[in-house]
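Undergrad: Here you go, model.cif (mmCIF, C-alpha atoms):
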data_protein
loop_
_atom_site.label_atom_id
_atom_site.label_comp_id
_atom_site.auth_asym_id
_atom_site.auth_seq_id
_atom_site.Cartn_x
_atom_site.Cartn_y
_atom_site.Cartn_z
CA MET I 1 51.65 8.65 -13.07
CA PHE I 2 55.28 7.58 -13.11
CA GLY I 3 54.40 4.74 -15.47
CA VAL I 4 53.56 7.35 -18.09
CA LEU I 5 57.22 8.35 -18.27
CA ASP I 6 58.00 4.73 -19.20
CA THR I 7 55.73 5.08 -22.23
CA SER I 8 57.51 8.16 -23.54
CA THR I 9 60.92 6.64 -22.87
CA SER I 10 60.05 3.49 -24.79
CA ALA I 11 59.11 5.66 -27.75
CA LEU I 12 62.42 7.54 -27.53
CA VAL I 13 64.32 4.26 -27.51
CA ALA I 14 62.39 2.90 -30.49
CA GLN I 15 62.92 6.03 -32.58
CA ARG I 16 66.61 6.01 -31.74
CA VAL I 17 66.90 2.39 -32.92
CA ARG I 18 65.19 3.47 -36.11
CA LEU I 19 67.68 6.28 -36.65
CA GLU I 20 70.54 3.88 -36.01
CA THR I 21 69.31 1.44 -38.65
CA ILE I 22 68.93 4.33 -41.08
CA ALA I 23 72.50 5.39 -40.35
CA ALA I 24 73.69 1.82 -40.90
CA ASN I 25 71.81 1.65 -44.19
CA LEU I 26 73.34 4.90 -45.40
CA ALA I 27 76.82 3.88 -44.35
CA ASN I 28 76.56 0.56 -46.16
CA ALA I 29 74.99 1.91 -49.34
CA ASN I 30 77.82 0.51 -51.41
CA SER I 31 78.97 -2.52 -49.43
CA ILE I 32 78.98 -5.72 -51.42
CA TYR I 33 81.30 -7.68 -49.15
CA ASP I 34 80.36 -8.84 -45.69
CA ALA I 35 82.60 -8.87 -42.59
CA GLN I 36 84.34 -12.12 -43.62
CA GLY I 37 85.14 -10.80 -47.10
CA ASN I 38 82.62 -12.96 -48.96
CA TYR I 39 80.54 -11.54 -51.72
CA SER I 40 77.23 -10.76 -50.00
CA PRO I 41 75.67 -7.41 -50.86
CA TYR I 42 74.26 -5.48 -47.93
CA ARG I 43 70.50 -5.67 -47.65
CA ARG I 44 68.48 -2.81 -46.25
CA ARG I 45 67.39 -3.18 -42.62
CA VAL I 46 63.93 -1.97 -41.61
CA PRO I 47 62.78 -1.80 -37.96
CA VAL I 48 59.18 -2.86 -37.34
CA PHE I 49 57.37 -1.19 -34.45
CA ALA I 50 54.62 -2.67 -32.36
CA PRO I 51 52.64 -1.22 -29.42
CA GLY I 52 53.44 -2.35 -25.91
CA ASP I 53 56.69 -2.57 -24.03
CA PRO I 54 57.84 -6.07 -23.12
CA THR I 55 60.80 -4.93 -21.00
CA THR I 56 58.57 -3.34 -18.38
CA GLY I 57 55.48 -5.40 -19.10
CA ASN I 58 53.61 -2.19 -19.81
CA ALA I 59 50.75 -2.29 -22.31
CA SER I 60 51.40 1.32 -23.31
CA GLY I 61 54.36 2.44 -25.30
CA VAL I 62 56.11 1.05 -28.32
CA HIS I 63 58.97 -1.33 -29.01
CA VAL I 64 60.87 -2.67 -31.97
CA ALA I 65 59.27 -6.06 -32.65
CA ARG I 66 61.93 -7.16 -35.11
CA ILE I 67 64.33 -5.79 -37.70
CA LEU I 68 63.24 -6.88 -41.15
CA ILE I 69 65.78 -7.56 -43.81
CA ASP I 70 64.43 -6.05 -46.98
CA ASP I 71 64.43 -8.61 -49.76
CA SER I 72 63.59 -6.34 -52.66
CA PRO I 73 65.76 -6.82 -55.73
CA LEU I 74 69.30 -5.51 -55.64
CA ARG I 75 70.51 -2.74 -57.89
CA PRO I 76 72.44 -4.03 -60.94
CA VAL I 77 75.36 -1.98 -62.22
CA TYR I 78 77.07 -2.80 -65.52
CA GLU I 79 80.73 -3.55 -64.71
CA PRO I 80 82.02 -6.31 -67.02
CA GLY I 81 85.56 -6.25 -65.65
CA HIS I 82 84.56 -6.79 -62.02
CA PRO I 83 85.59 -10.15 -60.51
CA HIS I 84 82.05 -10.73 -59.22
CA ALA I 85 80.17 -9.73 -62.37
CA ASP I 86 77.60 -12.26 -63.49
CA ALA I 87 77.20 -13.68 -67.01
CA ASN I 88 75.82 -10.42 -68.43
CA GLY I 89 78.48 -8.26 -66.79
CA TYR I 90 76.26 -6.90 -64.01
CA VAL I 91 77.39 -6.47 -60.40
CA TYR I 92 74.61 -6.25 -57.81
CA TYR I 93 74.86 -3.41 -55.33
CA PRO I 94 72.65 -2.71 -52.30
CA ASN I 95 69.34 -1.13 -53.16
CA ILE I 96 69.43 1.77 -50.74
CA ASP I 97 67.86 5.06 -51.78
CA PRO I 98 69.49 7.88 -49.77
CA THR I 99 66.51 10.19 -50.31
CA MET I 100 64.13 7.65 -48.83
CA GLU I 101 66.43 7.05 -45.90
CA GLN I 102 66.75 10.76 -45.23
CA ILE I 103 63.01 11.26 -45.29
CA ASN I 104 62.60 8.41 -42.84
CA ALA I 105 65.28 9.98 -40.66
CA LEU I 106 63.34 13.26 -40.69
CA GLU I 107 60.19 11.50 -39.60
CA ALA I 108 62.03 9.64 -36.88
CA SER I 109 63.51 12.83 -35.47
CA ARG I 110 60.11 14.53 -35.61
CA ALA I 111 58.57 11.68 -33.65
CA TYR I 112 61.51 11.84 -31.21
CA GLU I 113 60.86 15.53 -30.55
CA ALA I 114 57.15 14.97 -30.11
CA ASN I 115 57.88 12.35 -27.47
CA ILE I 116 60.30 14.66 -25.70
CA VAL I 117 57.48 17.20 -25.47
CA ALA I 118 55.17 14.54 -24.09
CA ALA I 119 57.76 13.60 -21.45
CA GLU I 120 58.14 17.24 -20.45
CA ALA I 121 54.37 17.55 -20.10
CA THR I 122 54.34 14.49 -17.84
CA LYS I 123 57.09 15.97 -15.70
CA SER I 124 55.24 19.25 -15.29
CA MET I 125 52.05 17.44 -14.29
CA ILE I 126 53.87 15.37 -11.67
CA GLN I 127 55.54 18.48 -10.29
CA ALA I 128 52.24 20.33 -10.15
CA SER I 129 50.69 17.44 -8.26
CA LEU I 130 53.57 17.45 -5.78
CA ARG I 131 52.79 21.09 -5.07
CA LEU I 132 49.53 19.92 -3.55
CA LEU I 133 51.52 18.63 -0.62
CA ALA I 134 53.76 21.62 -0.11
CA MET V 1 26.11 31.43 21.31
CA THR V 2 23.00 33.21 20.07
CA ASP V 3 22.32 34.08 16.52
CA PRO V 4 19.47 36.57 16.62
CA LEU V 5 19.64 37.60 13.00
CA GLY V 6 20.08 34.08 11.70
CA LEU V 7 22.73 35.24 9.30
CA ILE V 8 25.57 33.01 10.38
CA PRO V 9 25.57 30.24 7.78
CA SER V 10 26.02 26.65 8.79
CA THR V 11 28.84 26.25 6.27
CA SER V 12 30.96 28.90 7.94
CA ALA V 13 34.39 27.43 8.43
CA LEU V 14 35.20 29.72 11.33
CA GLY V 15 32.85 28.10 13.76
CA GLY V 16 31.05 31.37 14.29
CA PRO V 17 32.50 34.61 15.56
CA ARG V 18 31.45 36.29 18.74
CA PRO V 19 30.67 40.00 18.82
CA ALA V 20 33.27 41.76 20.93
CA ARG V 21 30.90 44.14 22.61
CA PRO V 22 27.11 43.99 23.07
CA THR V 23 25.31 46.70 21.20
CA HIS V 24 23.08 49.24 22.84
CA PRO V 25 19.90 49.28 20.82
CA GLY V 26 17.95 52.47 20.81
CA GLN V 27 20.84 54.70 21.74
CA GLN V 28 21.28 56.12 18.28
CA PRO V 29 19.52 55.33 15.03
CA SER V 30 22.92 54.71 13.41
CA VAL V 31 24.08 51.36 12.14
CA SER V 32 25.37 49.19 14.94
CA PHE V 33 28.64 47.34 14.86
CA LYS V 34 26.84 44.03 14.94
CA ASP V 35 24.90 44.87 11.78
CA VAL V 36 28.06 45.84 9.99
CA LEU V 37 29.74 42.65 11.11
CA MET V 38 26.86 40.43 10.05
CA LYS V 39 26.65 42.12 6.68
CA GLN V 40 30.36 41.60 6.08
CA LEU V 41 30.07 37.97 7.10
CA GLU V 42 27.26 37.50 4.65
CA GLN V 43 29.34 39.12 1.92
CA VAL V 44 32.34 36.90 2.59
CA ASN V 45 30.11 33.86 2.48
CA ARG V 46 28.58 35.02 -0.78
CA LEU V 47 32.00 35.55 -2.30
CA GLN V 48 33.04 32.04 -1.29
CA GLN V 49 29.90 30.54 -2.76
CA ASP V 50 30.31 32.52 -5.98
CA ALA V 51 33.88 31.31 -6.32
CA GLU V 52 32.83 27.71 -5.67
CA MET V 53 30.06 27.90 -8.31
CA ALA V 54 32.41 29.61 -10.78
CA ILE V 55 34.91 26.76 -10.41
CA GLU V 56 32.16 24.19 -10.94
CA ASP V 57 30.99 26.02 -14.06
CA LEU V 58 34.54 26.05 -15.38
CA VAL V 59 34.90 22.29 -14.83
CA SER V 60 31.59 21.53 -16.48
CA GLY V 61 32.32 23.76 -19.43
CA LYS V 62 29.57 26.31 -18.83
CA ARG V 63 32.14 29.09 -18.83
CA ASP V 64 35.56 29.13 -20.37
CA ASP V 65 37.16 32.32 -18.98
CA MET V 66 39.62 30.78 -16.60
CA ASP V 67 41.10 34.13 -15.57
CA ALA V 68 37.77 35.46 -14.28
CA VAL V 69 37.27 32.28 -12.26
CA LEU V 70 40.76 32.55 -10.78
CA ILE V 71 40.18 36.19 -9.89
CA ALA V 72 36.88 35.32 -8.20
CA LYS V 73 38.65 32.61 -6.18
CA GLN V 74 41.39 35.04 -5.19
CA LYS V 75 38.82 37.62 -4.08
CA ALA V 76 37.05 35.05 -1.97
CA ASP V 77 40.28 33.89 -0.40
CA ILE V 78 41.47 37.40 0.42
CA ALA V 79 38.08 38.27 1.93
CA PHE V 80 38.22 35.14 4.05
CA GLN V 81 41.73 35.89 5.26
CA MET V 82 40.69 39.45 6.14
CA LEU V 83 37.73 38.12 8.08
CA LEU V 84 40.00 35.73 9.92
CA GLN V 85 42.35 38.52 10.91
CA VAL V 86 39.48 40.75 12.06
CA ARG V 87 38.18 37.86 14.13
CA ASN V 88 41.61 37.32 15.68
CA LYS V 89 41.91 40.97 16.59
CA MET V 90 38.46 40.93 18.14
CA MET V 91 39.35 37.85 20.19
CA ASP V 92 42.53 39.51 21.41
CA ALA V 93 40.63 42.67 22.31
CA TYR V 94 38.05 40.63 24.18
CA GLU V 95 40.76 38.82 26.13
CA GLU V 96 42.29 42.16 26.99
CA VAL V 97 38.98 43.55 28.18
CA LYS V 98 38.47 40.44 30.27
CA GLN V 99 41.69 41.25 32.10
CA ILE V 100 40.44 44.62 33.31
CA ARG V 101 40.18 44.59 37.05
CA VAL V 102 36.97 46.21 38.12
CA MET F 1 35.77 20.19 -4.53
CA PRO F 2 34.52 16.83 -5.83
CA ALA F 3 34.18 18.44 -9.26
CA LEU F 4 37.86 19.35 -9.22
CA GLU F 5 38.79 15.86 -8.07
CA ARG F 6 36.93 14.31 -10.99
CA LEU F 7 38.58 16.78 -13.37
CA VAL F 8 42.05 15.81 -12.18
CA GLN F 9 41.20 12.11 -12.45
CA PHE F 10 39.96 12.62 -16.00
CA THR F 11 43.00 14.62 -17.13
CA THR F 12 45.35 12.04 -15.61
CA ALA F 13 43.64 9.18 -17.43
CA ARG F 14 43.56 11.10 -20.71
CA HIS F 15 47.23 12.01 -20.39
CA ARG F 16 48.13 8.34 -20.22
CA LEU F 17 46.25 7.70 -23.48
CA LEU F 18 47.68 10.71 -25.28
CA THR F 19 51.24 9.71 -24.36
CA HIS F 20 50.56 6.21 -25.66
CA ASN F 21 49.29 7.68 -28.94
CA ILE F 22 52.31 9.94 -29.31
CA ALA F 23 54.66 7.03 -28.57
CA ASN F 24 53.06 5.06 -31.42
CA LEU F 25 53.38 7.71 -34.11
CA SER F 26 55.27 5.42 -36.48
CA THR F 27 53.72 2.11 -35.54
CA PRO F 28 51.93 0.47 -38.47
CA TYR F 29 48.33 -0.66 -38.02
CA PHE F 30 48.00 1.45 -34.88
CA LYS F 31 44.79 3.46 -34.38
CA PRO F 32 45.02 6.25 -31.77
CA VAL F 33 42.45 6.12 -28.97
CA ASP F 34 41.18 8.99 -26.83
CA LEU F 35 38.68 10.12 -24.21
CA ASP F 36 36.17 12.75 -25.22
CA PRO F 37 36.34 15.81 -22.95
CA LYS F 38 32.98 17.09 -24.16
CA SER F 39 31.09 14.07 -22.93
CA PHE F 40 32.94 14.35 -19.60
CA GLN F 41 31.88 18.00 -19.32
CA ALA F 42 28.29 17.15 -20.21
CA ALA F 43 28.15 14.48 -17.50
CA MET F 44 29.66 16.89 -14.95
CA ARG F 45 27.20 19.61 -15.94
CA GLU F 46 24.28 17.28 -15.40
CA ALA F 47 25.51 16.22 -11.98
CA ILE F 48 26.27 19.79 -10.89
CA ASP F 49 22.88 21.07 -12.03
CA LYS F 50 21.17 18.22 -10.23
CA ARG F 51 23.03 19.05 -7.03
CA ARG F 52 22.18 22.74 -7.32
CA LYS F 53 18.51 21.96 -7.22
CA ARG F 54 18.90 20.45 -3.77
CA PRO F 55 18.61 22.64 -0.64
CA ALA F 56 22.37 22.60 -0.07
CA PRO F 57 23.60 23.49 -3.54
CA LEU F 58 27.30 23.43 -2.84
CA SER F 59 27.80 20.56 -0.47
CA GLY F 60 27.07 16.91 -0.58
CA PRO F 61 28.16 14.29 -3.07
CA LEU F 62 28.08 14.72 -6.83
CA GLU F 63 26.22 11.88 -8.48
CA ILE F 64 27.61 11.66 -11.96
CA ARG F 65 25.98 9.50 -14.59
CA SER F 66 28.38 7.11 -16.26
CA THR F 67 28.98 7.63 -19.95
CA ARG F 68 30.04 5.13 -22.57
CA GLN F 69 33.66 5.90 -21.95
CA LEU F 70 33.73 6.75 -18.25
CA ARG F 71 32.50 5.05 -15.14
CA PHE F 72 32.57 7.19 -12.01
CA GLU F 73 33.41 5.08 -8.99
CA PRO F 74 33.67 6.39 -5.44
CA ASN F 75 37.44 6.20 -5.41
CA GLY F 76 38.42 6.60 -9.00
CA LEU F 77 37.49 6.69 -12.64
CA GLN F 78 37.25 3.67 -14.93
CA VAL F 79 37.89 4.56 -18.53
CA LYS F 80 37.15 2.78 -21.76
CA PRO F 81 38.78 4.76 -24.53
CA SER F 82 37.44 4.79 -28.06
CA PRO F 83 39.21 5.45 -31.38
CA ARG F 84 39.74 8.98 -32.54
CA ASN F 85 38.70 8.61 -36.19
CA GLU F 86 39.83 11.84 -37.54
CA ASN F 87 42.55 11.55 -40.09
CA ILE F 88 43.21 9.77 -43.33
CA LEU F 89 44.75 6.33 -43.24
CA PHE F 90 48.40 6.50 -44.10
CA HIS F 91 50.20 3.76 -45.99
CA ASP F 92 51.21 2.10 -42.76
CA GLN F 93 47.51 1.85 -41.79
CA ASN F 94 48.05 4.34 -38.99
CA ASN F 95 45.65 7.29 -38.84
CA ARG F 96 47.50 9.57 -36.46
CA ASP F 97 47.31 13.37 -36.61
CA LEU F 98 50.42 14.71 -34.93
CA GLU F 99 49.30 18.33 -34.66
CA ARG F 100 45.98 17.47 -33.03
CA LEU F 101 47.68 15.07 -30.67
CA MET F 102 50.15 17.74 -29.53
CA GLN F 103 47.36 20.28 -29.16
CA ASP F 104 45.32 17.88 -27.06
CA LEU F 105 48.37 17.11 -24.96
CA ALA F 106 48.97 20.82 -24.29
CA GLU F 107 45.32 21.51 -23.41
CA ASN F 108 45.10 18.48 -21.18
CA THR F 109 48.29 19.41 -19.33
CA MET F 110 47.10 22.95 -18.74
CA ALA F 111 43.70 21.82 -17.53
CA HIS F 112 45.38 19.36 -15.16
CA ASN F 113 47.74 21.98 -13.75
CA ALA F 114 44.90 24.49 -13.33
CA GLY F 115 42.78 21.90 -11.52
CA ILE F 116 45.68 20.99 -9.23
CA GLN F 117 46.28 24.64 -8.42
CA MET F 118 42.65 25.27 -7.53
CA LEU F 119 42.56 22.16 -5.36
CA ALA F 120 45.74 23.33 -3.63
CA SER F 121 44.25 26.73 -2.86
CA GLU F 122 41.06 25.14 -1.49
CA PHE F 123 43.08 22.91 0.80
CA ASP F 124 45.16 25.88 1.87
CA MET F 125 42.04 27.79 2.89
CA LEU F 126 40.81 24.86 4.93
CA LYS F 127 44.16 24.51 6.65
CA LEU F 128 44.12 28.24 7.33
CA ALA F 129 40.72 28.05 8.91
CA ILE F 130 41.86 25.20 11.14
CA ARG F 131 45.06 26.96 12.09
CA GLU F 132 43.30 30.29 12.84
CA ARG F 133 46.56 32.15 12.37
CA ILE F 134 47.78 33.20 8.94
#
Please lay out the structure from this file as structure tokens.

TA:
Amino acid sequence: MFGVLDTSTSALVAQRVRLETIAANLANANSIYDAQGNYSPYRRRVPVFAPGDPTTGNASGVHVARILIDDSPLRPVYEPGHPHADANGYVYYPNIDPTMEQINALEASRAYEANIVAAEATKSMIQASLRLLA
Amino acid sequence: MTDPLGLIPSTSALGGPRPARPTHPGQQPSVSFKDVLMKQLEQVNRLQQDAEMAIEDLVSGKRDDMDAVLIAKQKADIAFQMLLQVRNKMMDAYEEVKQIRV
Amino acid sequence: MPALERLVQFTTARHRLLTHNIANLSTPYFKPVDLDPKSFQAAMREAIDKRRKRPAPLSGPLEIRSTRQLRFEPNGLQVKPSPRNENILFHDQNNRDLERLMQDLAENTMAHNAGIQMLASEFDMLKLAIRERI
């Protein structure tokens, strides 16, 4: 029965990673330079979930299999005077839609709460079973 | 230990009570203590069996009123505890009577 | 008493599956799996009715027929869960239904706790009878 708590915890961890990537996406919605100062527009990060939990070897649960880098086209903005404008005067900014990110954040927090409820249910079942002994 | 009325069930968890005093048949046409005792034993047993069957019906889905099943189990348990206490008192009384110096 | 044991084994196994489903709410291509409580109840009913026809209707072993999902062994329950099949397929190919999952979790938890409580009171009565003093 204690292995069931591992399942819920793995889901909490995965949803938290998802929220963190969403926060990173929102924070970098207008970053066109990378950490070294080169011109490299930020690309949206997307976590991909898969069932199973490799850290505990458990077949139940969920984990983040990898973090995809979204390669959809960047958003062009007409800025002819910008030092990194291309031949037509467009500068490419990250293609991050704040509405989409917020909706994903809502879904992640809903899933987080559902897993908290599941963990509470597990705890109450274990405690009830312990009462058999007392 | 005799069981003239055959009412003591084999599933009784007590191991069978002993009547504290022998009855005097024919003295009065009133109900004897042994009859009362046997009847109460039978009732306790029936309550226990009813509770057991109610729980089985709840598990198998034949009934879905959990509160009635819990109440039936409580009734059976209380009846059993009462029977146990009566039996203890009767044993104590019997021990006391045994001590009487004739 | 054996009926209650089987109930607790069933609710424990089902709880594991429900937690796994809830953990994988946002996993693409995941199909939730479940155990059917109705078929469990039908199998129990059959076994209990068969035992009641015998001369000792409340004692003796319960011979429960195995269903497609459950196999009743002497010391446990082997489960083979099957897909739930109830909701539309979302864009991530996941056909979860969060509300039904939470409802099933709540019902399963309550059934488990009720079964544990009834088992505890049966054991208490036996201990009381052995002790002979309340």

Undergrad: Identify, on the basis of all atoms listed in the file, every residue whose closest approach to Lys38 (chain F) does not exceed 12 Å; exclude the query and any residue fewer than 2 positions from it along the same chain; express the result as a ChimeraX atom specification.

TA: /V:59-62 /F:10,34-36,40-45,67,69-70

Undergrad: Dump C-alpha atoms for the selected residues as an mmCIF file, in the coordinates of the input?

TA:
data_model
loop_
_atom_site.group_PDB
_atom_site.id
_atom_site.type_symbol
_atom_site.label_atom_id
_atom_site.label_comp_id
_atom_site.auth_asym_id
_atom_site.auth_seq_id
_atom_site.Cartn_x
_atom_site.Cartn_y
_atom_site.Cartn_z
ATOM 1 C CA VAL V 59 34.900 22.290 -14.830
ATOM 2 C CA SER V 60 31.590 21.530 -16.480
ATOM 3 C CA GLY V 61 32.320 23.760 -19.430
ATOM 4 C CA LYS V 62 29.570 26.310 -18.830
ATOM 5 C CA PHE F 10 39.960 12.620 -16.000
ATOM 6 C CA ASP F 34 41.180 8.990 -26.830
ATOM 7 C CA LEU F 35 38.680 10.120 -24.210
ATOM 8 C CA ASP F 36 36.170 12.750 -25.220
ATOM 9 C CA PHE F 40 32.940 14.350 -19.600
ATOM 10 C CA GLN F 41 31.880 18.000 -19.320
ATOM 11 C CA ALA F 42 28.290 17.150 -20.210
ATOM 12 C CA ALA F 43 28.150 14.480 -17.500
ATOM 13 C CA MET F 44 29.660 16.890 -14.950
ATOM 14 C CA ARG F 45 27.200 19.610 -15.940
ATOM 15 C CA THR F 67 28.980 7.630 -19.950
ATOM 16 C CA GLN F 69 33.660 5.900 -21.950
ATOM 17 C CA LEU F 70 33.730 6.750 -18.250
#

Undergrad: As an exercise, work out the distance from CA of Thr19 (chain F) to CA of Leu105 (chain F) in Å and give it to one decimal place.

TA: 8.0 Å

Undergrad: Please identify all polymer residues within 10 Å of region 73-88 of chain F, counting only C-alpha atoms, omitting same-chain residues fewer than 6 positions from it, and present them as an MDAnalysis selection string.

TA: chainID F and resid 5:6 9:10 12:14 17 31:36 61 63:64 66:67 94:98 100

Undergrad: Show me, as JSON, numbers by chain, the residues that have an atom within 7 Å of region 47-53 of chain I when counting all atoms listed in the file, minus same-chain residues fewer than 5 positions from it.

TA: {"I": [10, 18, 58, 59, 60, 61, 62, 63, 64, 65, 66, 67, 68], "F": [24, 27, 28]}

Undergrad: Next, dump the selected residues to file, keeping only C-alpha atoms, as an mmCIF file, keeping the file's coordinate frame.

TA:
data_model
loop_
_atom_site.group_PDB
_atom_site.id
_atom_site.type_symbol
_atom_site.label_atom_id
_atom_site.label_comp_id
_atom_site.auth_asym_id
_atom_site.auth_seq_id
_atom_site.Cartn_x
_atom_site.Cartn_y
_atom_site.Cartn_z
ATOM 1 C CA SER I 10 60.050 3.490 -24.790
ATOM 2 C CA ARG I 18 65.190 3.470 -36.110
ATOM 3 C CA ASN I 58 53.610 -2.190 -19.810
ATOM 4 C CA ALA I 59 50.750 -2.290 -22.310
ATOM 5 C CA SER I 60 51.400 1.320 -23.310
ATOM 6 C CA GLY I 61 54.360 2.440 -25.300
ATOM 7 C CA VAL I 62 56.110 1.050 -28.320
ATOM 8 C CA HIS I 63 58.970 -1.330 -29.010
ATOM 9 C CA VAL I 64 60.870 -2.670 -31.970
ATOM 10 C CA ALA I 65 59.270 -6.060 -32.650
ATOM 11 C CA ARG I 66 61.930 -7.160 -35.110
ATOM 12 C CA ILE I 67 64.330 -5.790 -37.700
ATOM 13 C CA LEU I 68 63.240 -6.880 -41.150
ATOM 14 C CA ASN F 24 53.060 5.060 -31.420
ATOM 15 C CA THR F 27 53.720 2.110 -35.540
ATOM 16 C CA PRO F 28 51.930 0.470 -38.470
#

Undergrad: Evaluated on this file, the PyMOL selection byres ((chain F) within 8 of (chain I)) picks out some residues - which ones are they, written as a ChimeraX atom specification?

TA: /F:12,15-16,19-20,22-28,30,102,105-106,109,112-113,116-117,119-120

Undergrad: Could you save the residues just selected, with C-alpha atoms, as a CSV table (one decimal), in the frame of the given file?

TA:
chain,number,residue,atom,x,y,z
F,12,THR,CA,45.4,12.0,-15.6
F,15,HIS,CA,47.2,12.0,-20.4
F,16,ARG,CA,48.1,8.3,-20.2
F,19,THR,CA,51.2,9.7,-24.4
F,20,HIS,CA,50.6,6.2,-25.7
F,22,ILE,CA,52.3,9.9,-29.3
F,23,ALA,CA,54.7,7.0,-28.6
F,24,ASN,CA,53.1,5.1,-31.4
F,25,LEU,CA,53.4,7.7,-34.1
F,26,SER,CA,55.3,5.4,-36.5
F,27,THR,CA,53.7,2.1,-35.5
F,28,PRO,CA,51.9,0.5,-38.5
F,30,PHE,CA,48.0,1.4,-34.9
F,102,MET,CA,50.2,17.7,-29.5
F,105,LEU,CA,48.4,17.1,-25.0
F,106,ALA,CA,49.0,20.8,-24.3
F,109,THR,CA,48.3,19.4,-19.3
F,112,HIS,CA,45.4,19.4,-15.2
F,113,ASN,CA,47.7,22.0,-13.8
F,116,ILE,CA,45.7,21.0,-9.2
F,117,GLN,CA,46.3,24.6,-8.4
F,119,LEU,CA,42.6,22.2,-5.4
F,120,ALA,CA,45.7,23.3,-3.6

Undergrad: Select residues of chain V: the criterion is any atom within 12 Å of an atom of chain F, counting all atoms listed in the file; output as a count of residues only.

TA: 50

Undergrad: Quick one: everything within 8 Å of Asp70 (chain I), counting all atoms listed in the file, minus sequence neighbours fewer than 5 positions away in the same chain. Send it as a PyMOL selection string.

TA: chain I and resi 43-46

Undergrad: Pick from I:Leu74, I:Val17, I:Ala87, I:Ala105: nearest to Ala29 (chain I), with only C-alpha atoms counted?

TA: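 So, comparing all the options, the nearest one is I:Leu74.
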
Undergrad: Mind giving me the straight-line distance from CA of Thr21 (chain I) to CA of Ala85 (chain I) in Å, one decimal?

TA: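 Separating CA of Thr21 (chain I) from CA of Ala85 (chain I) is a distance of 28.4 Å.
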
Undergrad: Rounded to one decimal, what separation in Å do you get between CA of Ser109 (chain I) and CA of Leu19 (chain I)?

TA: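 Separation between CA of Ser109 (chain I) and CA of Leu19 (chain I): 7.9 Å.
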
Undergrad: Missing atoms in region 31-42 of chain F: fill them in up to N, CA and C atoms and send the result as a compact mmCIF listing (two decimals), in the coordinates of the input.

TA:
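Everything below was put into out_7.txt:
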# COMPACT_ATOMS: atom_id res chain seq x y z
N LYS F 31 45.83 2.44 -34.30
CA LYS F 31 44.79 3.46 -34.38
C LYS F 31 44.77 4.21 -33.05
N PRO F 32 44.99 5.52 -33.04
CA PRO F 32 45.02 6.25 -31.77
C PRO F 32 43.67 6.21 -31.08
N VAL F 33 43.67 6.13 -29.76
CA VAL F 33 42.45 6.12 -28.97
C VAL F 33 42.45 7.34 -28.06
N ASP F 34 41.29 7.76 -27.62
CA ASP F 34 41.18 8.99 -26.83
C ASP F 34 39.94 8.94 -25.97
N LEU F 35 39.89 9.89 -25.01
CA LEU F 35 38.68 10.12 -24.21
C LEU F 35 38.08 11.45 -24.66
N ASP F 36 36.79 11.54 -24.72
CA ASP F 36 36.17 12.75 -25.22
C ASP F 36 35.92 13.71 -24.07
N PRO F 37 36.57 14.89 -24.07
CA PRO F 37 36.34 15.81 -22.95
C PRO F 37 34.94 16.39 -22.95
N LYS F 38 34.31 16.48 -24.14
CA LYS F 38 32.98 17.09 -24.16
C LYS F 38 31.97 16.22 -23.44
N SER F 39 32.07 14.91 -23.62
CA SER F 39 31.09 14.07 -22.93
C SER F 39 31.35 14.10 -21.42
N PHE F 40 32.63 14.21 -21.02
CA PHE F 40 32.94 14.35 -19.60
C PHE F 40 32.29 15.61 -19.05
N GLN F 41 32.46 16.75 -19.80
CA GLN F 41 31.88 18.00 -19.32
C GLN F 41 30.37 17.92 -19.26
N ALA F 42 29.76 17.26 -20.23
CA ALA F 42 28.29 17.15 -20.21
C ALA F 42 27.83 16.36 -18.99
